[in-house]
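Participant: What follows is the file structure04.cif, containing mmCIF, C-alpha atoms:
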```cif
data_model
loop_
_atom_site.label_atom_id
_atom_site.label_comp_id
_atom_site.auth_asym_id
_atom_site.auth_seq_id
_atom_site.Cartn_x
_atom_site.Cartn_y
_atom_site.Cartn_z
CA MET A 282 51.01 144.00 -13.41
CA ASP A 283 51.57 141.17 -15.86
CA PHE A 284 50.79 138.23 -13.56
CA ALA A 285 51.81 135.63 -16.11
CA GLN A 286 55.24 137.23 -16.59
CA ARG A 287 55.69 137.57 -12.82
CA THR A 288 54.97 133.85 -12.42
CA ILE A 289 57.47 133.04 -15.18
CA ASP A 290 60.08 135.16 -13.40
CA ILE A 291 59.46 133.27 -10.13
CA ALA A 292 59.72 129.92 -11.94
CA ARG A 293 63.02 130.97 -13.56
CA LEU A 294 64.42 132.01 -10.16
CA ASN A 295 63.34 128.68 -8.71
CA VAL A 296 65.17 126.80 -11.49
CA GLU A 297 68.28 128.94 -11.00
CA GLU A 298 68.21 127.99 -7.31
CA GLY A 299 67.99 124.27 -8.17
CA GLY A 300 64.21 123.80 -8.06
CA ARG A 301 61.62 122.84 -10.63
CA PRO A 302 59.81 125.20 -13.03
CA CYS A 303 56.30 124.90 -11.60
CA ALA A 304 53.78 127.70 -11.34
CA THR A 305 50.06 128.47 -11.50
CA VAL A 306 48.33 131.80 -11.92
CA ILE A 307 44.64 132.54 -11.38
CA VAL A 308 43.90 136.23 -10.96
CA LYS A 309 40.16 136.48 -11.55
CA ASP A 310 37.32 135.86 -9.17
CA TRP A 311 35.76 132.40 -9.47
CA ASP A 312 32.62 133.80 -11.14
CA GLU A 313 34.65 135.69 -13.75
CA ARG A 314 36.76 132.78 -14.99
CA ARG A 315 36.00 131.13 -18.30
CA LEU A 316 36.03 127.38 -18.41
CA PRO A 317 37.79 125.64 -19.90
CA MET A 318 40.74 127.88 -19.17
CA ARG A 319 42.82 128.78 -22.17
CA TYR A 320 46.44 127.91 -22.73
CA GLU A 321 48.68 130.84 -23.55
CA GLU A 322 52.20 129.86 -24.60
CA ARG A 323 54.89 132.42 -23.96
CA ASP A 324 58.44 132.16 -25.25
CA THR A 325 59.81 133.26 -21.87
CA ALA A 326 57.97 130.38 -20.16
CA VAL A 327 59.31 127.86 -22.65
CA ASP A 328 62.80 129.28 -22.01
CA VAL A 329 62.43 128.45 -18.29
CA TYR A 330 61.84 124.78 -19.16
CA ARG A 331 64.81 124.80 -21.53
CA LEU A 332 66.97 126.24 -18.73
CA TRP A 333 65.73 123.52 -16.37
CA GLN A 334 66.56 120.81 -18.91
CA GLU A 335 70.04 122.26 -19.46
CA ARG A 336 70.69 122.27 -15.71
CA ASN A 337 69.57 118.64 -15.47
CA ASP A 338 71.32 117.21 -18.54
CA GLY A 339 68.03 116.92 -20.41
CA LYS A 340 66.51 114.62 -17.79
CA ARG A 341 62.99 115.22 -16.55
CA ARG A 342 64.01 114.85 -12.91
CA ALA A 343 65.75 117.58 -11.00
CA ALA A 344 69.13 116.75 -9.52
CA ASP A 345 69.27 116.00 -5.81
CA VAL A 346 65.52 115.43 -5.44
CA PRO A 347 64.64 112.23 -3.61
CA ILE A 348 62.51 109.77 -5.54
CA GLY A 349 59.37 108.96 -3.54
#
```
Please rewrite the model in this file as structure tokens.
Facilitator:
Amino acid sequence: MDFAQRTIDIARLNVEEGGRPCATVIVKDWDERRLPMRYEERDTAVDVYRLWQERNDGKRRAADVPIG
């Protein structure tokens, strides 16, 4: 299973349902992880953020979310 792609799919679904595109994936045991963790940009992940911006008129805040 491609855990990164699965997380991107969940984030996209969340945006489509009016939420924010937030996600984290850690699939290795603590002892097996390399620190610092590496950043891996994926076009599909960037597309989720573009979708979120389109749905929110380019604003960084999601619509209908109370400001704390």
Participant: I need the residue nearest A:Ile291 from this list: A:Gln334, A:Thr325, A:Gly339, A:Lys309. Use all atoms listed in the file for the distance.
Facilitator: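 Counting all atoms listed in the file, the residue closest to A:Ile291 is A:Thr325.
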Participant: Interatomic distance between atom CA of A:Pro302 and atom CA of A:Lys340?
Facilitator: 13.4 Å
Participant: Can you spell out as a list in words the set of residues that the PyMOL selection byres ((chain A and resi 289) around 12) selects in the structure I just provided?
Facilitator: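 The output of the PyMOL selection byres ((chain A and resi 289) around 12) on this file is Asp283, Phe284, Ala285, Gln286, Arg287, Thr288, Asp290, Ile291, Ala292, Arg293, Leu294, Asn295, Val296, Arg301, Pro302, Cys303, Ala304, Thr305, Val306, Glu322, Arg323, Asp324, Thr325, Ala326, Val327, Asp328, Val329 and Tyr330 of chain A.
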Participant: Which of these, A:Asp312, A:Trp333, A:Tyr320, A:Asp338, has the shortest distance to A:Gly299 once you count all atoms listed in the file?
Facilitator: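 Of A:Asp312, A:Trp333, A:Tyr320, A:Asp338, the one nearest A:Gly299, counting all atoms listed in the file, is A:Trp333.
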